[in-house]
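Data block below; observations after.
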Protein chains: 6
Amino acid sequence: MVNGIVLPIKKVFSLVDSRVTVEIKDDQRKLQGRLVAVDEYLNIHMEDTSEYVNNQRGRTLGTVVIRGNNILSIQPNI
Amino acid sequence: MVNGIVLPIKKVFSLVDSRVTVEIKDDQRKLQGRLVAVDEYLNIHMEDTSEYVNNQRGRTLGTVVIRGNNILSIQPNI
Amino acid sequence: MVNGIVLPIKKVFSLVDSRVTVEIKDDQRKLQGRLVAVDEYLNIHMEDTSEYVNNQRGRTLGTVVIRGNNILSIQPNI
Amino acid sequence: MVNGIVLPIKKVFSLVDSRVTVEIKDDQRKLQGRLVAVDEYLNIHMEDTSEYVNNQRGRTLGTVVIRGNNILSIQPNI
Amino acid sequence: MVNGIVLPIKKVFSLVDSRVTVEIKDDQRKLQGRLVAVDEYLNIHMEDTSEYVNNQRGRTLGTVVIRGNNILSIQPNI
Amino acid sequence: MVNGIVLPIKKVFSLVDSRVTVEIKDDQRKLQGRLVAVDEYLNIHMEDTSEYVNNQRGRTLGTVVIRGNNILSIQPNI
């Protein structure tokens with residue numbers, strides 16, 4: 001159905017082992033951390049995760065698994 | 001089940017490599033950028049992405065993967 | 001599982017090429033336009049689309065693809 | 001997986017052709033009408049539909065297809 | 001994929017025919033009633049259902065089918 | 001599609017029988033308890049569950065099944 005089209009999920013797979021910023025839906029917070037694993041639903045497992053509220057660093061979360069449907073976006077850290 | 005009907009997703013596939021406006025659900029923001037990839041869930045990978053809040057250009061986001069369920073609509077830029 | 005029952009989606013398929021009103025979830029807006037395509041997830045592709053806020057005509061949107069899960073209801077225009 | 005258990009959806013199938021009250025998620029409104037069709041996702045097609053806001057009859061909607069994920073509950077009218 | 005692990009849904013199946021408390025997502029209300037049927041999506045059919053708002057008994061609902069995605073949690077009544 | 005990639009869900013499976021903190025979407029509350037079962041949708045069955053509102057211990061919930069789509073994140077207790 002999507003032959004010959006590179007899937008968006010491939011972009012996220014390419015980010016495994018690097019640091020990413022995850023924006024949560026309907027939430028002021030972003031989470032930054034190392035992307036350890038991701039699946040086809042965009043469920044993600046992050047380590048060394050920190051919370052950012054209004055671009056201010058907040059709590060340290062460490063290990064966290066986030067359910068994909070509540071993720072708005074994933075971006076590589078620059 | 002949907003034989004002979006052109007799927008809505010086909011419209012979005014036709015927009016790959018062109019610039020699109022993505023409206024986020026329950027959010028003031030729209031994202032504009034180049035559509036790099038899309039899958040059957042409407043997950044999308046955009047490059048050169050900028051945020052628009054109340055039609056004012058906001059932050060530059062660059063590379064972003066957005067989860068389909070949190071997308072309200074996708075439109076071609078005119 | 002649903003043998004002998006006419007599916008709700010069939011009703012929507014029957015509206016392809018006619019004008020419909022789409023109510024967005026948790027949103028003041030309705031969208032009116034010509035239904036070009038719909039799939040089994042109720043993703044829809046509309047053309048000649050206009051926004052209505054509190055039954056007042058708002059912006060002209062033209063071509064738009066709306067993700068099904070964010071659609072509350074679809075009605076034929078009378 | 002669910003052998004020997006009568007599915008909840010069966011209850012809704014049994015309501016086809018009778019009048020039902022549909023409660024919308026995160027919405028003051030309820031919709032009452034004749035249930036014409038329902039599928040396994042609880043998408044429903046209703047006719048002769050009226051809106052109720054705080055148990056006061058509101059607009060007459062007529063024909064409407066509602067997407068299942070935005071339905072909180074379905075009840076038979078008594 | 002989940003061999004050897006007892007599924008959460010099994011816990012809910014074990015509650016069929018007993019009284020349960022269902023917490024609705026983003027809603028002050030809880031529903032208490034007899035669990036008649038449940039499926040793999042956690043759609044549930046309850047009978048003898050009553051609403052509780054802030055732990056005060058509210059309306060009597062009787063028969064109700066609730067869509068699983070709008071259910072936050074299910075607990076056995078003690 | 002995800003060959004050679006350790007799935008995020010595996011991390012959660014590894015937490016079965018240990019205590020976890022579950023963050024609910026759009027909700028002030030977190031739930032802490034012993035993770036008894038989890039499935040591929042991140043539906044979870046917890047025992048000895050307590051509510052935390054703004055990091056203050058609230059109600060004791062005991063046995064609870066939570067639907068996966070309403071879970072924002074799962075973390076191991078430290």
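Identifiers for the structure tokens are assigned positionally: chains receive A, B, ... in sequence, residues are indexed from 1 per chain, and ligands are indexed from 1 in the order shown.
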
Check your understanding: Can you tell me, as number ranges by chain, what residues are no more than 10 Å from F:Asn55 when counting only C-alpha atoms, ignoring any on the same chain fewer than 3 positions away?
Key -> F: 28-30, 51-52, 58

Practice item. Could you tell me, as a PyMOL selection string, which residues of chain C DSSP assigns to strand (DSSP E or B) when given the backbone? Key: chain C and resi 19-24+29-38+44-53+56-66+71-76

For the residues selected in the previous step, produce a file with C-alpha atoms as a tab-separated table (two decimals), in the first residue's frame.
chain	number	residue	atom	x	y	z
C	19	ARG	CA	-21.75	18.10	0.11
C	20	VAL	CA	-21.41	17.15	3.77
C	21	THR	CA	-20.99	18.77	7.17
C	22	VAL	CA	-18.22	17.40	9.32
C	23	GLU	CA	-18.21	18.10	13.02
C	24	ILE	CA	-14.76	18.13	14.63
C	29	ARG	CA	-15.83	24.39	14.13
C	30	LYS	CA	-17.69	22.49	11.53
C	31	LEU	CA	-16.39	21.97	8.03
C	32	GLN	CA	-18.61	21.95	4.98
C	33	GLY	CA	-17.45	20.77	1.60
C	34	ARG	CA	-17.68	18.18	-1.14
C	35	LEU	CA	-16.76	14.70	0.06
C	36	VAL	CA	-14.20	13.34	-2.41
C	37	ALA	CA	-13.03	10.21	-0.62
C	38	VAL	CA	-13.48	8.33	2.63
C	44	ILE	CA	-11.93	11.96	4.62
C	45	HIS	CA	-10.76	14.03	1.70
C	46	MET	CA	-12.87	17.14	1.04
C	47	GLU	CA	-12.72	19.84	-1.61
C	48	ASP	CA	-14.27	23.32	-1.64
C	49	THR	CA	-14.22	23.24	2.12
C	50	SER	CA	-15.36	26.13	4.32
C	51	GLU	CA	-15.14	26.51	8.06
C	52	TYR	CA	-18.19	27.37	10.17
C	53	VAL	CA	-17.78	28.68	13.70
C	56	GLN	CA	-21.08	31.66	10.93
C	57	ARG	CA	-19.07	31.05	7.78
C	58	GLY	CA	-15.37	31.46	8.49
C	59	ARG	CA	-12.25	30.72	6.45
C	60	THR	CA	-12.21	29.02	3.08
C	61	LEU	CA	-10.00	25.94	3.31
C	62	GLY	CA	-10.27	24.39	-0.15
C	63	THR	CA	-8.58	20.97	-0.18
C	64	VAL	CA	-8.29	19.21	3.15
C	65	VAL	CA	-7.69	15.69	4.44
C	66	ILE	CA	-9.10	15.09	7.94
C	71	ILE	CA	-14.17	13.56	13.45
C	72	LEU	CA	-17.20	13.48	15.70
C	73	SER	CA	-19.89	13.19	13.05
C	74	ILE	CA	-20.63	13.39	9.35
C	75	GLN	CA	-23.99	14.55	8.01
C	76	PRO	CA	-25.39	15.06	4.54

**Study point:** DSSP-assigned helix (DSSP H, G or I) members of chain D, reported as JSON, numbers by chain
**Key:** {"D": [8, 9, 10, 11, 12, 13, 68, 69, 70]}

May I have the selected residues written with N, CA, C and O atoms, as an mmCIF file, in the first residue's frame?
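Below is the file that was written, result-v2.cif:
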data_model
loop_
_atom_site.group_PDB
_atom_site.id
_atom_site.type_symbol
_atom_site.label_atom_id
_atom_site.label_comp_id
_atom_site.auth_asym_id
_atom_site.auth_seq_id
_atom_site.Cartn_x
_atom_site.Cartn_y
_atom_site.Cartn_z
ATOM 1 N N PRO D 8 -20.087 -7.199 24.291
ATOM 2 C CA PRO D 8 -20.856 -5.973 24.547
ATOM 3 C C PRO D 8 -21.494 -5.442 23.262
ATOM 4 O O PRO D 8 -22.600 -4.892 23.284
ATOM 5 N N ILE D 9 -20.786 -5.644 22.154
ATOM 6 C CA ILE D 9 -21.273 -5.137 20.876
ATOM 7 C C ILE D 9 -22.592 -5.814 20.482
ATOM 8 O O ILE D 9 -23.447 -5.213 19.815
ATOM 9 N N LYS D 10 -22.772 -7.041 20.952
ATOM 10 C CA LYS D 10 -24.017 -7.767 20.676
ATOM 11 C C LYS D 10 -25.199 -7.017 21.279
ATOM 12 O O LYS D 10 -26.288 -6.988 20.692
ATOM 13 N N LYS D 11 -24.979 -6.457 22.434
ATOM 14 C CA LYS D 11 -26.047 -5.681 23.075
ATOM 15 C C LYS D 11 -26.444 -4.517 22.166
ATOM 16 O O LYS D 11 -27.638 -4.225 21.996
ATOM 17 N N VAL D 12 -25.437 -3.868 21.579
ATOM 18 C CA VAL D 12 -25.729 -2.725 20.712
ATOM 19 C C VAL D 12 -26.402 -3.204 19.423
ATOM 20 O O VAL D 12 -27.342 -2.579 18.928
ATOM 21 N N PHE D 13 -25.950 -4.327 18.861
ATOM 22 C CA PHE D 13 -26.603 -4.868 17.653
ATOM 23 C C PHE D 13 -28.087 -5.110 17.917
ATOM 24 O O PHE D 13 -28.931 -4.910 17.041
ATOM 25 N N GLY D 68 -17.095 5.963 16.295
ATOM 26 C CA GLY D 68 -17.180 5.204 17.533
ATOM 27 C C GLY D 68 -16.276 5.684 18.653
ATOM 28 O O GLY D 68 -16.682 5.736 19.815
ATOM 29 N N ASN D 69 -15.047 6.081 18.334
ATOM 30 C CA ASN D 69 -14.106 6.420 19.413
ATOM 31 C C ASN D 69 -14.547 7.647 20.198
ATOM 32 O O ASN D 69 -14.075 7.861 21.304
ATOM 33 N N ASN D 70 -15.429 8.448 19.631
ATOM 34 C CA ASN D 70 -15.905 9.643 20.316
ATOM 35 C C ASN D 70 -17.214 9.428 21.054
ATOM 36 O O ASN D 70 -17.786 10.361 21.619
#

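Interatomic distance, atom CA of E:Leu7 against atom CA of F:Ser18: 16.2 Å.
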